[in-house]
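S.K.: Let me give you the structure first, and then I'll get to my questions.
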Amino acid sequence: MNIIFTLKNNEQILLRSDSMSYELCKIRREKDKDSGVIVESWEPFKYFASLPQALNRIVDMKVRSSDASDLKQLACDLEAARAEIMAAWSTEIKGVKK
């Protein structure tokens with residue numbers, strides 16, 4: 001699994017998993033010693049034992065990067081972050097009648 005989320009400051013965060021854990025990664029840029037070309041790679045900075053923990057952290061990061069100036073705007077930003085997570089993980093099949 002490799003899912004990229006964007007924070008308000010256009011910073012990208014990658015959620016990925018392996019067989020044991022989930023991790024959040026940031027883009028790392030470094031200059032190649034031989035060619036001098038800038039190389040980008042994903043560098044893990046947080047590890048989680050469960051998917052809900054990782055998703056809660058992404059919501060938290062999105063809210064912290066908010067530029068809200070009052071509680072109403074902060075609540076809207078929180079709802080938007082939650083809605084984005086829910087849309088990414090929705091298991092609902094579109095167009096199927098119940």
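The chains in the structure tokens are called A, B, ... from first to last as shown; in each chain the residues are counted from 1, and the ligands are counted from 1 in the order shown.
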Among the residues of segment 5-81 of chain A, find those DSSP assigns to helix (DSSP H, G or I) from the backbone and print them as a PyMOL selection string.
M.R.: chain A and resi 51-64+71-81
S.K.: Would you save the residues from that selection as a tab-separated table (two decimals), in the first residue's frame, using N, CA, C and O atoms?
M.R.:
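Result file follows (result.tsv):
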chain	number	residue	atom	x	y	z
A	51	LEU	N	-3.58	0.41	11.32
A	51	LEU	CA	-4.02	1.40	10.34
A	51	LEU	C	-4.79	2.55	10.98
A	51	LEU	O	-4.54	3.71	10.65
A	52	PRO	N	-5.72	2.30	11.92
A	52	PRO	CA	-6.41	3.43	12.55
A	52	PRO	C	-5.46	4.42	13.23
A	52	PRO	O	-5.67	5.63	13.16
A	53	GLN	N	-4.39	3.94	13.84
A	53	GLN	CA	-3.41	4.84	14.46
A	53	GLN	C	-2.76	5.73	13.39
A	53	GLN	O	-2.60	6.93	13.59
A	54	ALA	N	-2.39	5.14	12.28
A	54	ALA	CA	-1.75	5.90	11.20
A	54	ALA	C	-2.71	6.93	10.61
A	54	ALA	O	-2.33	8.09	10.38
A	55	LEU	N	-3.96	6.54	10.39
A	55	LEU	CA	-4.93	7.47	9.82
A	55	LEU	C	-5.26	8.60	10.79
A	55	LEU	O	-5.41	9.75	10.37
A	56	ASN	N	-5.34	8.30	12.08
A	56	ASN	CA	-5.56	9.36	13.07
A	56	ASN	C	-4.42	10.36	13.05
A	56	ASN	O	-4.63	11.57	13.20
A	57	ARG	N	-3.21	9.88	12.87
A	57	ARG	CA	-2.05	10.78	12.82
A	57	ARG	C	-2.12	11.67	11.58
A	57	ARG	O	-1.79	12.86	11.64
A	58	ILE	N	-2.57	11.13	10.45
A	58	ILE	CA	-2.71	11.94	9.23
A	58	ILE	C	-3.75	13.03	9.44
A	58	ILE	O	-3.52	14.19	9.08
A	59	VAL	N	-4.88	12.69	10.04
A	59	VAL	CA	-5.91	13.70	10.34
A	59	VAL	C	-5.32	14.77	11.24
A	59	VAL	O	-5.49	15.97	11.01
A	60	ASP	N	-4.58	14.36	12.26
A	60	ASP	CA	-3.96	15.30	13.18
A	60	ASP	C	-2.99	16.23	12.44
A	60	ASP	O	-2.99	17.45	12.67
A	61	MET	N	-2.19	15.69	11.54
A	61	MET	CA	-1.24	16.51	10.78
A	61	MET	C	-1.97	17.50	9.89
A	61	MET	O	-1.54	18.65	9.75
A	62	LYS	N	-3.07	17.06	9.28
A	62	LYS	CA	-3.85	17.96	8.42
A	62	LYS	C	-4.45	19.10	9.24
A	62	LYS	O	-4.45	20.25	8.81
A	63	VAL	N	-4.96	18.80	10.42
A	63	VAL	CA	-5.55	19.83	11.28
A	63	VAL	C	-4.47	20.79	11.77
A	63	VAL	O	-4.66	22.00	11.78
A	64	ARG	N	-3.32	20.26	12.15
A	64	ARG	CA	-2.23	21.12	12.63
A	64	ARG	C	-1.70	22.05	11.55
A	64	ARG	O	-1.19	23.13	11.84
A	71	LEU	N	-12.73	28.80	15.68
A	71	LEU	CA	-13.13	27.40	15.92
A	71	LEU	C	-14.01	26.86	14.81
A	71	LEU	O	-13.95	25.67	14.49
A	72	LYS	N	-14.84	27.70	14.22
A	72	LYS	CA	-15.71	27.25	13.14
A	72	LYS	C	-14.89	26.76	11.94
A	72	LYS	O	-15.15	25.70	11.38
A	73	GLN	N	-13.87	27.54	11.57
A	73	GLN	CA	-13.01	27.14	10.45
A	73	GLN	C	-12.20	25.89	10.81
A	73	GLN	O	-12.02	25.01	9.98
A	74	LEU	N	-11.75	25.81	12.05
A	74	LEU	CA	-11.01	24.63	12.48
A	74	LEU	C	-11.88	23.37	12.40
A	74	LEU	O	-11.44	22.32	11.96
A	75	ALA	N	-13.14	23.51	12.81
A	75	ALA	CA	-14.08	22.39	12.72
A	75	ALA	C	-14.29	21.97	11.27
A	75	ALA	O	-14.34	20.77	10.96
A	76	CYS	N	-14.38	22.94	10.37
A	76	CYS	CA	-14.52	22.63	8.94
A	76	CYS	C	-13.29	21.90	8.41
A	76	CYS	O	-13.40	20.94	7.65
A	77	ASP	N	-12.11	22.36	8.82
A	77	ASP	CA	-10.88	21.71	8.39
A	77	ASP	C	-10.77	20.29	8.93
A	77	ASP	O	-10.32	19.38	8.24
A	78	LEU	N	-11.20	20.08	10.16
A	78	LEU	CA	-11.21	18.75	10.76
A	78	LEU	C	-12.16	17.83	10.00
A	78	LEU	O	-11.80	16.70	9.67
A	79	GLU	N	-13.35	18.32	9.70
A	79	GLU	CA	-14.31	17.52	8.94
A	79	GLU	C	-13.79	17.19	7.54
A	79	GLU	O	-13.97	16.09	7.04
A	80	ALA	N	-13.13	18.15	6.91
A	80	ALA	CA	-12.58	17.93	5.57
A	80	ALA	C	-11.49	16.86	5.61
A	80	ALA	O	-11.42	15.99	4.73
A	81	ALA	N	-10.65	16.89	6.63
A	81	ALA	CA	-9.59	15.89	6.77
A	81	ALA	C	-10.19	14.51	6.99
A	81	ALA	O	-9.77	13.53	6.36
S.K.: Give me the residues near Lys46 of chain A as a list in words, where near means some atom within 8 Å (using only C-alpha atoms) and where sequence neighbours in that chain fewer than 3 positions away do not count.
M.R.: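 My list of contacting residues is Glu23, Leu24 and Cys25 of chain A.
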S.K.: Report the residues of chain A whose backbone DSSP state falls under strand (DSSP E), written as JSON, numbers by chain.
M.R.: {"A": [2, 3, 4, 5, 6, 12, 13, 14, 15, 16, 17, 22, 23, 24, 25, 26, 27, 28, 29, 30, 31, 38, 39, 40, 41, 42, 43, 44, 45, 46, 47, 48]}
S.K.: Nearest residue to Glu30 of chain A out of A:Gln12, A:Ser65, A:Glu43, A:Asp18, using only C-alpha atoms?
M.R.: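 Of all the options, A:Glu43 lies closest to Glu30 of chain A.
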S.K.: Give me the residues within 12 Å of Glu40 of chain A as a ChimeraX atom specification, counting only C-alpha atoms and dropping any in the same chain fewer than 2 places off.
M.R.: /A:26-32,37-38,42-43
S.K.: For the residues selected in the previous step, produce a file with all heavy atoms as a CSV table (one decimal), in the first residue's frame.
M.R.:
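Once everything was written out, this is again_7.csv:
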chain,number,residue,atom,x,y,z
A,26,LYS,N,8.1,11.2,4.6
A,26,LYS,CA,8.3,12.5,4.0
A,26,LYS,C,9.3,12.3,2.8
A,26,LYS,O,10.1,11.4,2.8
A,26,LYS,CB,8.8,13.5,5.0
A,26,LYS,CG,7.8,13.8,6.0
A,26,LYS,CD,8.4,14.9,6.9
A,26,LYS,CE,7.4,15.3,8.0
A,26,LYS,NZ,7.9,16.3,8.9
A,27,ILE,N,9.2,13.3,1.9
A,27,ILE,CA,10.1,13.3,0.8
A,27,ILE,C,11.5,13.8,1.2
A,27,ILE,O,11.6,14.8,1.9
A,27,ILE,CB,9.6,14.1,-0.4
A,27,ILE,CG1,8.4,13.5,-1.0
A,27,ILE,CG2,10.7,14.3,-1.5
A,27,ILE,CD1,7.7,14.3,-2.1
A,28,ARG,N,12.5,13.0,0.9
A,28,ARG,CA,13.9,13.4,1.2
A,28,ARG,C,14.6,13.7,-0.1
A,28,ARG,O,14.5,12.9,-1.0
A,28,ARG,CB,14.5,12.2,1.9
A,28,ARG,CG,16.0,12.5,2.3
A,28,ARG,CD,16.5,11.3,3.0
A,28,ARG,NE,17.9,11.2,2.8
A,28,ARG,CZ,18.6,10.1,3.0
A,28,ARG,NH1,18.1,9.0,3.4
A,28,ARG,NH2,19.9,10.1,2.8
A,29,ARG,N,15.2,14.9,-0.2
A,29,ARG,CA,15.9,15.3,-1.4
A,29,ARG,C,17.4,15.3,-1.0
A,29,ARG,O,17.8,16.0,-0.1
A,29,ARG,CB,15.4,16.6,-1.8
A,29,ARG,CG,14.0,16.6,-2.4
A,29,ARG,CD,13.5,18.0,-2.8
A,29,ARG,NE,12.2,18.0,-3.3
A,29,ARG,CZ,11.1,18.0,-2.6
A,29,ARG,NH1,11.2,18.2,-1.3
A,29,ARG,NH2,9.9,18.0,-3.1
A,30,GLU,N,18.2,14.7,-1.9
A,30,GLU,CA,19.6,14.8,-1.7
A,30,GLU,C,20.3,14.8,-3.0
A,30,GLU,O,19.8,14.2,-4.0
A,30,GLU,CB,20.1,13.7,-0.8
A,30,GLU,CG,19.9,12.3,-1.3
A,30,GLU,CD,20.4,11.2,-0.3
A,30,GLU,OE1,21.0,11.5,0.7
A,30,GLU,OE2,20.1,10.0,-0.6
A,31,LYS,N,21.5,15.3,-3.1
A,31,LYS,CA,22.3,15.4,-4.3
A,31,LYS,C,23.1,14.1,-4.5
A,31,LYS,O,23.8,13.7,-3.5
A,31,LYS,CB,23.2,16.6,-4.2
A,31,LYS,CG,23.8,17.0,-5.5
A,31,LYS,CD,24.7,18.2,-5.3
A,31,LYS,CE,24.2,19.3,-6.2
A,31,LYS,NZ,25.0,20.5,-6.1
A,32,ASP,N,23.0,13.5,-5.6
A,32,ASP,CA,23.8,12.4,-5.9
A,32,ASP,C,25.3,12.8,-6.0
A,32,ASP,O,25.6,13.7,-6.7
A,32,ASP,CB,23.3,11.8,-7.3
A,32,ASP,CG,24.1,10.5,-7.6
A,32,ASP,OD1,23.9,9.5,-6.9
A,32,ASP,OD2,24.8,10.5,-8.6
A,37,VAL,N,22.9,15.2,-9.5
A,37,VAL,CA,21.5,15.4,-9.7
A,37,VAL,C,20.8,15.2,-8.4
A,37,VAL,O,21.2,14.4,-7.6
A,37,VAL,CB,21.0,14.3,-10.7
A,37,VAL,CG1,19.5,14.2,-10.9
A,37,VAL,CG2,21.7,14.4,-12.1
A,38,ILE,N,19.7,16.0,-8.2
A,38,ILE,CA,18.9,15.9,-7.0
A,38,ILE,C,18.0,14.6,-7.1
A,38,ILE,O,17.3,14.4,-8.1
A,38,ILE,CB,18.0,17.1,-6.8
A,38,ILE,CG1,18.8,18.4,-6.7
A,38,ILE,CG2,17.1,16.9,-5.6
A,38,ILE,CD1,19.7,18.5,-5.5
A,42,TRP,N,11.4,8.5,-0.4
A,42,TRP,CA,10.6,8.6,0.7
A,42,TRP,C,11.3,8.1,2.0
A,42,TRP,O,11.8,7.0,1.9
A,42,TRP,CB,9.3,7.8,0.5
A,42,TRP,CG,8.4,8.3,-0.5
A,42,TRP,CD1,8.2,7.9,-1.8
A,42,TRP,CD2,7.5,9.5,-0.4
A,42,TRP,NE1,7.3,8.7,-2.4
A,42,TRP,CE2,6.8,9.6,-1.6
A,42,TRP,CE3,7.2,10.3,0.7
A,42,TRP,CZ2,5.9,10.7,-1.8
A,42,TRP,CZ3,6.3,11.3,0.5
A,42,TRP,CH2,5.6,11.5,-0.7
A,43,GLU,N,11.3,8.9,3.0
A,43,GLU,CA,12.0,8.5,4.2
A,43,GLU,C,10.9,8.4,5.4
A,43,GLU,O,10.2,9.4,5.7
A,43,GLU,CB,13.0,9.6,4.6
A,43,GLU,CG,13.8,9.3,5.8
A,43,GLU,CD,14.9,10.3,6.1
A,43,GLU,OE1,14.7,11.5,5.8
A,43,GLU,OE2,16.0,9.9,6.5
S.K.: Hey, can you check how far atom CA of Asn2 of chain A sits from atom CA of Arg16 of chain A?
M.R.: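 Computing it gives 4.5 Å between the two atoms.
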S.K.: Find the residue from A:Ser35, A:Ser41, A:Ser66, A:Glu84 that sits nearest to Leu14 of chain A; use only C-alpha atoms when measuring.
M.R.: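 Counting only C-alpha atoms, the residue closest to Leu14 of chain A is A:Ser41.
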